[in-house]
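Source file: model-v3.pdb; contents: PDB, C-alpha atoms and all ligand atoms.
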```pdb
ATOM      1  CA  MET A 722     101.029 107.595  97.277
ATOM      2  CA  ALA A 723     103.145 106.835 100.274
ATOM      3  CA  THR A 724     104.824 103.480 100.123
ATOM      4  CA  ALA A 725     105.792 101.525 103.224
ATOM      5  CA  LEU A 726     108.719  99.115 103.062
ATOM      6  CA  PHE A 727     109.343  96.268 105.488
ATOM      7  CA  VAL A 728     112.571  94.401 106.081
ATOM      8  CA  SER A 729     113.831  92.081 108.780
ATOM      9  CA  ASP A 730     116.596  89.582 109.396
ATOM     10  CA  VAL A 731     119.258  91.503 107.499
ATOM     11  CA  HIS A 732     121.737  90.082 110.038
ATOM     12  CA  VAL A 733     124.418  92.657 109.274
ATOM     13  CA  ALA A 734     127.764  91.185 110.325
ATOM     14  CA  GLY A 735     131.426  91.745 109.523
ATOM     15  CA  GLU A 736     131.692  88.332 107.922
ATOM     16  CA  ARG A 737     129.001  89.120 105.321
ATOM     17  CA  PRO A 738     130.160  92.299 103.549
ATOM     18  CA  ALA A 739     127.970  91.559 100.498
ATOM     19  CA  THR A 740     124.842  91.734 102.680
ATOM     20  CA  THR A 741     125.903  95.075 104.116
ATOM     21  CA  ALA A 742     126.576  96.426 100.622
ATOM     22  CA  ARG A 743     123.176  95.222  99.378
ATOM     23  CA  PHE A 744     121.380  96.705 102.358
ATOM     24  CA  LEU A 745     123.117 100.079 101.993
ATOM     25  CA  GLU A 746     122.232 100.060  98.283
ATOM     26  CA  PHE A 747     118.606  99.214  99.149
ATOM     27  CA  LEU A 748     118.455 102.154 101.577
ATOM     28  CA  LYS A 749     119.826 104.546  98.960
ATOM     29  CA  SER A 750     117.483 103.417  96.175
ATOM     30  CA  GLU A 751     114.145 101.875  97.285
ATOM     31  CA  GLY A 752     114.478 103.257 100.809
ATOM     32  CA  ALA A 753     114.954 106.854  99.709
ATOM     33  CA  ARG A 754     111.774 106.728  97.585
ATOM     34  CA  ALA A 755     109.596 105.289 100.367
ATOM     35  CA  GLY A 756     107.331 107.112 102.784
ATOM     36  CA  SER A 757     108.299 104.827 105.627
ATOM     37  CA  LEU A 758     110.701 102.012 106.364
ATOM     38  CA  TYR A 759     109.965  99.426 109.027
ATOM     39  CA  ILE A 760     112.855  97.284 110.215
ATOM     40  CA  LEU A 761     111.208  94.381 112.024
ATOM     41  CA  GLY A 762     114.152  93.054 113.989
ATOM     42  CA  ASP A 763     117.465  91.285 113.546
ATOM     43  CA  LEU A 764     118.948  94.122 111.550
ATOM     44  CA  PHE A 765     122.227  93.084 113.172
ATOM     45  CA  GLU A 766     123.576  89.600 113.718
ATOM     46  CA  TYR A 767     124.050  90.533 117.365
ATOM     47  CA  TRP A 768     124.109  93.638 119.533
ATOM     48  CA  ILE A 769     126.010  93.779 122.797
ATOM     49  CA  GLY A 770     124.921  97.264 123.830
ATOM     50  CA  ASP A 771     124.763 100.784 122.435
ATOM     51  CA  ASP A 772     128.050 101.636 124.165
ATOM     52  CA  ASP A 773     129.736  99.444 121.530
ATOM     53  CA  LEU A 774     128.579 101.969 118.926
ATOM     54  CA  GLY A 775     130.105 104.973 120.607
ATOM     55  CA  ALA A 776     133.283 103.362 121.870
ATOM     56  CA  LEU A 777     136.499 104.473 120.186
ATOM     57  CA  ASP A 778     137.214 100.886 119.194
ATOM     58  CA  GLY A 779     133.556 100.317 118.297
ATOM     59  CA  ASP A 780     132.466  98.545 115.176
ATOM     60  CA  PRO A 781     132.511 100.971 112.213
ATOM     61  CA  LEU A 782     129.944  98.752 110.493
ATOM     62  CA  THR A 783     127.216  99.618 112.976
ATOM     63  CA  ARG A 784     128.040 103.309 112.648
ATOM     64  CA  GLN A 785     127.874 103.023 108.866
ATOM     65  CA  ILE A 786     124.390 101.491 109.044
ATOM     66  CA  ALA A 787     123.248 104.083 111.581
ATOM     67  CA  ALA A 788     124.516 106.901 109.348
ATOM     68  CA  ALA A 789     122.751 105.486 106.275
ATOM     69  CA  LEU A 790     119.468 105.250 108.201
ATOM     70  CA  ARG A 791     119.992 108.757 109.506
ATOM     71  CA  GLU A 792     120.291 110.061 105.932
ATOM     72  CA  LEU A 793     116.897 108.558 105.166
ATOM     73  CA  SER A 794     115.228 109.979 108.247
ATOM     74  CA  VAL A 795     116.736 113.408 107.599
ATOM     75  CA  ALA A 796     115.353 113.194 104.036
ATOM     76  CA  GLY A 797     111.870 112.665 105.502
ATOM     77  CA  VAL A 798     111.463 108.880 105.433
ATOM     78  CA  ALA A 799     109.887 107.664 108.685
ATOM     79  CA  VAL A 800     112.222 104.934 109.912
ATOM     80  CA  TYR A 801     110.957 102.474 112.533
ATOM     81  CA  PHE A 802     112.889  99.795 114.312
ATOM     82  CA  MET A 803     111.584  96.805 116.252
ATOM     83  CA  HIS A 804     113.828  94.542 118.316
ATOM     84  CA  GLY A 805     114.623  91.060 117.045
ATOM     85  CA  ASN A 806     115.920  88.148 119.070
ATOM     86  CA  ARG A 807     119.497  89.096 118.199
ATOM     87  CA  ASP A 808     119.513  92.860 118.517
ATOM     88  CA  PHE A 809     117.056  93.338 121.386
ATOM     89  CA  LEU A 810     119.654  95.365 123.285
ATOM     90  CA  ILE A 811     119.491  98.191 120.766
ATOM     91  CA  GLY A 812     118.611 101.280 122.753
ATOM     92  CA  ALA A 813     118.210 105.028 122.727
ATOM     93  CA  ALA A 814     121.758 105.808 121.543
ATOM     94  CA  PHE A 815     121.408 103.741 118.372
ATOM     95  CA  CYS A 816     117.975 105.251 117.748
ATOM     96  CA  ALA A 817     119.406 108.757 118.138
ATOM     97  CA  ALA A 818     122.320 107.939 115.816
ATOM     98  CA  SER A 819     120.050 106.438 113.156
ATOM     99  CA  GLY A 820     116.943 108.580 113.544
ATOM    100  CA  ALA A 821     114.930 105.358 113.876
ATOM    101  CA  ARG A 822     111.927 105.283 116.174
ATOM    102  CA  LEU A 823     111.792 102.218 118.384
ATOM    103  CA  ILE A 824     108.433 100.433 118.191
ATOM    104  CA  GLU A 825     107.114  97.697 120.489
ATOM    105  CA  ASP A 826     106.768  94.078 119.474
ATOM    106  CA  PRO A 827     103.950  93.732 118.543
ATOM    107  CA  THR A 828     102.664  97.019 117.178
ATOM    108  CA  VAL A 829      99.498  97.751 115.223
ATOM    109  CA  ALA A 830     100.274 100.347 112.561
ATOM    110  CA  GLN A 831      98.006 101.915 109.972
ATOM    111  CA  VAL A 832      99.724 100.893 106.758
ATOM    112  CA  ALA A 833      98.121 102.194 103.561
ATOM    113  CA  GLY A 834      94.918 102.605 105.529
ATOM    114  CA  ILE A 835      94.845  99.041 106.873
ATOM    115  CA  PRO A 836      95.434  98.231 110.552
ATOM    116  CA  THR A 837      98.419  95.909 110.335
ATOM    117  CA  LEU A 838      99.988  93.842 113.080
ATOM    118  CA  LEU A 839     103.777  94.034 113.009
ATOM    119  CA  ALA A 840     105.957  91.588 114.908
ATOM    120  CA  HIS A 841     109.475  90.248 114.683
ATOM    121  CA  GLY A 842     107.953  86.767 114.718
ATOM    122  CA  ASP A 843     109.747  84.959 117.525
ATOM    123  CA  THR A 844     106.862  85.454 119.964
ATOM    124  CA  LEU A 845     104.667  83.467 117.537
ATOM    125  CA  CYS A 846     106.970  80.427 117.668
ATOM    126  CA  THR A 847     105.222  79.159 120.784
ATOM    127  CA  ASP A 848     105.975  75.463 120.127
ATOM    128  CA  ASP A 849     109.652  76.167 120.778
ATOM    129  CA  HIS A 850     109.463  76.021 124.561
ATOM    130  CA  ASP A 851     113.246  76.185 125.175
ATOM    131  CA  TYR A 852     113.489  79.320 123.096
ATOM    132  CA  GLN A 853     110.515  80.971 124.818
ATOM    133  CA  ALA A 854     112.086  80.213 128.216
ATOM    134  CA  TRP A 855     115.383  81.810 127.126
ATOM    135  CA  ARG A 856     113.499  84.776 125.698
ATOM    136  CA  ARG A 857     111.816  85.461 129.032
ATOM    137  CA  VAL A 858     115.240  85.488 130.724
ATOM    138  CA  ALA A 859     116.957  87.651 128.106
ATOM    139  CA  ARG A 860     114.132  90.186 128.035
ATOM    140  CA  SER A 861     114.073  90.553 131.818
ATOM    141  CA  GLU A 862     115.419  93.730 133.357
ATOM    142  CA  ASP A 863     117.691  91.777 135.707
ATOM    143  CA  TRP A 864     119.419  89.819 132.962
ATOM    144  CA  GLN A 865     119.888  92.917 130.813
ATOM    145  CA  ARG A 866     121.237  95.017 133.679
ATOM    146  CA  GLU A 867     123.713  92.298 134.596
ATOM    147  CA  PHE A 868     124.782  91.718 130.979
ATOM    148  CA  LEU A 869     125.213  95.401 130.148
ATOM    149  CA  ALA A 870     127.292  95.916 133.302
ATOM    150  CA  LYS A 871     129.984  93.558 131.955
ATOM    151  CA  PRO A 872     132.950  94.975 130.043
ATOM    152  CA  LEU A 873     132.499  95.011 126.239
ATOM    153  CA  ASP A 874     135.076  92.233 125.741
ATOM    154  CA  ALA A 875     133.240  89.950 128.153
ATOM    155  CA  ARG A 876     129.920  90.676 126.431
ATOM    156  CA  ARG A 877     131.418  90.010 123.011
ATOM    157  CA  ALA A 878     132.821  86.687 124.238
ATOM    158  CA  ALA A 879     129.491  85.717 125.839
ATOM    159  CA  VAL A 880     127.581  86.485 122.645
ATOM    160  CA  GLY A 881     130.116  84.477 120.608
ATOM    161  CA  GLN A 882     129.420  81.473 122.841
ATOM    162  CA  MET A 883     125.662  81.997 122.580
ATOM    163  CA  ARG A 884     125.838  82.114 118.786
ATOM    164  CA  GLU A 885     127.819  78.854 118.659
ATOM    165  CA  ARG A 886     125.402  77.174 121.051
ATOM    166  CA  SER A 887     122.373  78.425 119.147
ATOM    167  CA  LYS A 888     123.761  77.051 115.850
ATOM    168  CA  ALA A 889     124.055  73.605 117.452
ATOM    169  CA  VAL A 890     120.579  73.821 119.020
ATOM    170  CA  ILE A 891     118.946  74.994 115.780
ATOM    171  CA  SER A 892     120.475  72.226 113.678
ATOM    172  CA  ALA A 893     119.183  69.633 116.169
ATOM    173  CA  LYS A 894     115.601  70.952 116.236
ATOM    174  CA  PRO A 895     112.780  69.793 113.943
ATOM    175  CA  ALA A 896     112.022  72.555 111.423
ATOM    176  CA  GLU A 897     108.317  72.835 112.286
ATOM    177  CA  ILE A 898     109.102  73.741 115.906
ATOM    178  CA  MET A 899     110.975  76.819 114.681
ATOM    179  CA  ASP A 900     108.076  78.035 112.545
ATOM    180  CA  VAL A 901     105.211  80.107 113.902
ATOM    181  CA  SER A 902     102.348  78.283 115.557
ATOM    182  CA  LEU A 903      99.138  78.891 113.629
ATOM    183  CA  ALA A 904      97.241  78.989 116.918
ATOM    184  CA  ALA A 905      99.515  81.845 118.043
ATOM    185  CA  VAL A 906      98.965  83.656 114.725
ATOM    186  CA  ASN A 907      95.190  83.338 115.065
ATOM    187  CA  ALA A 908      95.276  84.479 118.687
ATOM    188  CA  ALA A 909      97.422  87.518 117.841
ATOM    189  CA  CYS A 910      95.182  88.588 114.944
ATOM    190  CA  ARG A 911      92.083  88.164 117.122
ATOM    191  CA  ALA A 912      93.573  90.002 120.094
ATOM    192  CA  HIS A 913      94.524  92.989 117.945
ATOM    193  CA  GLY A 914      91.505  92.870 115.637
ATOM    194  CA  VAL A 915      93.577  92.833 112.442
ATOM    195  CA  ARG A 916      93.347  91.000 109.130
ATOM    196  CA  ARG A 917      96.918  91.644 108.060
ATOM    197  CA  LEU A 918     100.066  90.506 109.845
ATOM    198  CA  ILE A 919     103.667  91.122 108.824
ATOM    199  CA  HIS A 920     106.583  89.378 110.502
ATOM    200  CA  GLY A 921     110.040  87.961 109.877
ATOM    201  CA  HIS A 922     112.302  85.742 111.960
ATOM    202  CA  THR A 923     111.436  82.344 110.476
ATOM    203  CA  HIS A 924     113.338  82.931 107.212
ATOM    204  CA  ARG A 925     110.378  81.421 105.331
ATOM    205  CA  PRO A 926     109.315  84.306 103.068
ATOM    206  CA  ALA A 927     105.721  83.818 101.966
ATOM    207  CA  HIS A 928     102.256  85.213 101.566
ATOM    208  CA  HIS A 929      99.654  83.132 103.421
ATOM    209  CA  ASP A 930      95.918  83.731 103.121
ATOM    210  CA  PHE A 931      93.911  82.140 105.897
ATOM    211  CA  GLU A 932      90.379  82.186 107.240
ATOM    212  CA  LEU A 933      89.769  83.488 110.723
ATOM    213  CA  ASP A 934      86.259  83.768 112.121
ATOM    214  CA  GLY A 935      84.866  83.793 108.590
ATOM    215  CA  VAL A 936      87.183  86.550 107.399
ATOM    216  CA  THR A 937      90.133  86.177 105.019
ATOM    217  CA  CYS A 938      93.365  87.323 106.660
ATOM    218  CA  GLU A 939      96.846  87.731 105.229
ATOM    219  CA  ARG A 940     100.189  86.863 106.773
ATOM    220  CA  TRP A 941     103.304  88.156 105.081
ATOM    221  CA  VAL A 942     106.631  86.631 106.078
ATOM    222  CA  LEU A 943     109.732  88.655 105.259
ATOM    223  CA  PRO A 944     112.846  87.168 103.653
ATOM    224  CA  ASP A 945     116.205  87.060 105.395
ATOM    225  CA  TRP A 946     119.280  88.582 103.807
ATOM    226  CA  TYR A 947     121.607  85.591 104.159
ATOM    227  CA  GLY A 948     120.700  84.964 100.536
ATOM    228  CA  PRO A 949     120.007  87.785  98.075
ATOM    229  CA  GLY A 950     117.496  89.392 100.466
ATOM    230  CA  GLY A 951     114.372  91.347  99.744
ATOM    231  CA  TYR A 952     111.556  93.336 101.251
ATOM    232  CA  LEU A 953     107.806  93.760 101.425
ATOM    233  CA  LEU A 954     106.245  96.780  99.767
ATOM    234  CA  VAL A 955     102.808  97.966 100.889
ATOM    235  CA  ASP A 956     100.770 100.721  99.292
ATOM    236  CA  GLU A 957      97.107 101.350  98.548
ATOM    237  CA  GLY A 958      97.321  98.790  95.752
ATOM    238  CA  GLY A 959      98.148  96.010  98.223
ATOM    239  CA  ALA A 960     101.244  94.234  99.439
ATOM    240  CA  ARG A 961     103.926  92.433  97.475
ATOM    241  CA  LEU A 962     107.157  90.683  98.305
ATOM    242  CA  VAL A 963     110.157  91.809  96.312
ATOM    243  CA  ASN A 964     113.052  89.360  96.216
ATOM    244  CA  PHE A 965     116.400  90.493  94.880
TER     245      PHE A 965
HETATM  246 MN    MN A1001     114.985  86.493 114.508
END
```
Output the structure of this file as structure tokens.
Ligand code: MN
Amino acid sequence: MATALFVSDVHVAGERPATTARFLEFLKSEGARAGSLYILGDLFEYWIGDDDLGALDGDPLTRQIAAALRELSVAGVAVYFMHGNRDFLIGAAFCAASGARLIEDPTVAQVAGIPTLLAHGDTLCTDDHDYQAWRRVARSEDWQREFLAKPLDARRAAVGQMRERSKAVISAKPAEIMDVSLAAVNAACRAHGVRRLIHGHTHRPAHHDFELDGVTCERWVLPDWYGPGGYLLVDEGGARLVNF
């Protein structure tokens, strides 16, 4: 029975070596036994461009993660990656290095025979208007072309500033604004004709059952790895959250 594993919001970063160690251990143990592994965004704390990976002075951490994912894909585990709001600049070079297949946000995948809507989760936070406005800018071709044309040092500095600013903005925002909007969840499930949705981003791991048009639907929210971390396991027997 092929098992599908889902993770998101690992936020791999140099300043959190314990998270990296836990994630690498997870790939070697649970990951290696799975049929597929879906990484639903924010694998990395930030990503300034694939050229950072290949550069001589590039971050060895990102190469280490890519190599560990590559081992899984070579062993026959289907590895999928979806962009998050922090690593949306991950491109073809990282995918080639890791063997991960880039999937769109959102994607409907057949998981254990059930059409399942997969999303990072930020597009469902529609009450956060400032964030949605920034997202439209950052996902535009113009912004990305301009940003990627800057030297690596300038990009690293710009991202450092963005991270500081975003910390300040997040701490000033009411918590409910940064959660998904239930209207957006309903609309997404309706639009894609699914009863099961899996997403991350909000760092509010949970299993929600809800009624939509007279049908019971499930929404699974993945844990972040700032704490001990965890994942969602889906097989023919159902879905369950596993927290470390
Ligand atoms: Mn996120």
Determine the nearest neighbour of Arg791 in chain A from the options A:Val901, A:Ile769, A:Ile760, A:Ala818, counting all atoms listed in the file.
A:Ala818
Counting only C-alpha atoms and all ligand atoms, what residues are within 12 Å of ligand MN 1001 (chain A), given as a PyMOL selection string?
chain A and resi 728-732+760-767+803-809+840-846+852+856+887+899-901+920-925+942-946
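The coordinates place CA of Arg884 in chain A at 14.0 Å from CA of Ala859 in chain A.
From CA of Cys816 in chain A back to CA of Gln865 in chain A, the distance works out to 18.1 Å.
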Find the residues near Asn907 in chain A: any atom within 9 Å, counting all atoms listed in the file, skip ones fewer than 5 places away on the same chain, and give them as JSON, numbers by chain.
{"A": [902, 912, 933]}
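With distances taken over all atoms listed in the file, A:Leu810 is the one residue among A:Ala960, A:Leu790, A:Leu810, A:Ala830 lying closest to Val880 in chain A.
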How would range 917-940 of chain A read, as a PDB file, in the frame of the given file, once N, CA and C atoms are built in?
```pdb
ATOM      1  N   ARG A 917      95.614  91.731 108.740  1.00  0.00           N
ATOM      2  CA  ARG A 917      96.918  91.644 108.060  1.00  0.00           C
ATOM      3  C   ARG A 917      98.026  91.627 109.104  1.00  0.00           C
ATOM      4  N   LEU A 918      98.941  90.674 108.926  1.00  0.00           N
ATOM      5  CA  LEU A 918     100.066  90.506 109.845  1.00  0.00           C
ATOM      6  C   LEU A 918     101.351  90.444 109.024  1.00  0.00           C
ATOM      7  N   ILE A 919     102.350  91.159 109.483  1.00  0.00           N
ATOM      8  CA  ILE A 919     103.667  91.122 108.824  1.00  0.00           C
ATOM      9  C   ILE A 919     104.701  90.749 109.875  1.00  0.00           C
ATOM     10  N   HIS A 920     105.500  89.736 109.579  1.00  0.00           N
ATOM     11  CA  HIS A 920     106.583  89.378 110.502  1.00  0.00           C
ATOM     12  C   HIS A 920     107.756  88.768 109.742  1.00  0.00           C
ATOM     13  N   GLY A 921     108.856  88.611 110.441  1.00  0.00           N
ATOM     14  CA  GLY A 921     110.040  87.961 109.877  1.00  0.00           C
ATOM     15  C   GLY A 921     110.426  86.788 110.751  1.00  0.00           C
ATOM     16  N   HIS A 922     111.697  86.686 111.018  1.00  0.00           N
ATOM     17  CA  HIS A 922     112.302  85.742 111.960  1.00  0.00           C
ATOM     18  C   HIS A 922     112.421  84.306 111.469  1.00  0.00           C
ATOM     19  N   THR A 923     111.403  83.768 110.809  1.00  0.00           N
ATOM     20  CA  THR A 923     111.436  82.344 110.476  1.00  0.00           C
ATOM     21  C   THR A 923     112.245  82.053 109.203  1.00  0.00           C
ATOM     22  N   HIS A 924     112.590  83.093 108.462  1.00  0.00           N
ATOM     23  CA  HIS A 924     113.338  82.931 107.212  1.00  0.00           C
ATOM     24  C   HIS A 924     112.553  82.034 106.237  1.00  0.00           C
ATOM     25  N   ARG A 925     111.230  82.181 106.261  1.00  0.00           N
ATOM     26  CA  ARG A 925     110.378  81.421 105.331  1.00  0.00           C
ATOM     27  C   ARG A 925     109.490  82.413 104.598  1.00  0.00           C
ATOM     28  N   PRO A 926     110.076  83.229 103.720  1.00  0.00           N
ATOM     29  CA  PRO A 926     109.315  84.306 103.068  1.00  0.00           C
ATOM     30  C   PRO A 926     108.097  83.739 102.342  1.00  0.00           C
ATOM     31  N   ALA A 927     106.953  84.351 102.570  1.00  0.00           N
ATOM     32  CA  ALA A 927     105.721  83.818 101.966  1.00  0.00           C
ATOM     33  C   ALA A 927     104.577  84.791 102.159  1.00  0.00           C
ATOM     34  N   HIS A 928     103.542  84.542 101.387  1.00  0.00           N
ATOM     35  CA  HIS A 928     102.256  85.213 101.566  1.00  0.00           C
ATOM     36  C   HIS A 928     101.234  84.118 101.847  1.00  0.00           C
ATOM     37  N   HIS A 929     100.673  84.118 103.052  1.00  0.00           N
ATOM     38  CA  HIS A 929      99.654  83.132 103.421  1.00  0.00           C
ATOM     39  C   HIS A 929      98.316  83.838 103.539  1.00  0.00           C
ATOM     40  N   ASP A 930      97.294  83.300 102.868  1.00  0.00           N
ATOM     41  CA  ASP A 930      95.918  83.731 103.121  1.00  0.00           C
ATOM     42  C   ASP A 930      95.290  82.689 104.014  1.00  0.00           C
ATOM     43  N   PHE A 931      94.582  83.118 105.029  1.00  0.00           N
ATOM     44  CA  PHE A 931      93.911  82.140 105.897  1.00  0.00           C
ATOM     45  C   PHE A 931      92.595  82.708 106.402  1.00  0.00           C
ATOM     46  N   GLU A 932      91.704  81.789 106.741  1.00  0.00           N
ATOM     47  CA  GLU A 932      90.379  82.186 107.240  1.00  0.00           C
ATOM     48  C   GLU A 932      90.425  82.285 108.748  1.00  0.00           C
ATOM     49  N   LEU A 933      89.867  83.362 109.266  1.00  0.00           N
ATOM     50  CA  LEU A 933      89.769  83.488 110.723  1.00  0.00           C
ATOM     51  C   LEU A 933      88.406  84.085 111.043  1.00  0.00           C
ATOM     52  N   ASP A 934      87.604  83.328 111.749  1.00  0.00           N
ATOM     53  CA  ASP A 934      86.259  83.768 112.121  1.00  0.00           C
ATOM     54  C   ASP A 934      85.478  84.243 110.891  1.00  0.00           C
ATOM     55  N   GLY A 935      85.616  83.499 109.802  1.00  0.00           N
ATOM     56  CA  GLY A 935      84.866  83.793 108.590  1.00  0.00           C
ATOM     57  C   GLY A 935      85.416  84.934 107.746  1.00  0.00           C
ATOM     58  N   VAL A 936      86.581  85.429 108.123  1.00  0.00           N
ATOM     59  CA  VAL A 936      87.183  86.550 107.399  1.00  0.00           C
ATOM     60  C   VAL A 936      88.529  86.085 106.825  1.00  0.00           C
ATOM     61  N   THR A 937      88.833  86.522 105.597  1.00  0.00           N
ATOM     62  CA  THR A 937      90.133  86.177 105.019  1.00  0.00           C
ATOM     63  C   THR A 937      91.202  87.120 105.561  1.00  0.00           C
ATOM     64  N   CYS A 938      92.247  86.538 106.105  1.00  0.00           N
ATOM     65  CA  CYS A 938      93.365  87.323 106.660  1.00  0.00           C
ATOM     66  C   CYS A 938      94.620  87.021 105.859  1.00  0.00           C
ATOM     67  N   GLU A 939      95.586  87.948 105.928  1.00  0.00           N
ATOM     68  CA  GLU A 939      96.846  87.731 105.229  1.00  0.00           C
ATOM     69  C   GLU A 939      97.989  87.749 106.223  1.00  0.00           C
ATOM     70  N   ARG A 940      98.946  86.857 105.999  1.00  0.00           N
ATOM     71  CA  ARG A 940     100.189  86.863 106.773  1.00  0.00           C
ATOM     72  C   ARG A 940     101.357  86.918 105.803  1.00  0.00           C
TER      73      ARG A 940
END
```
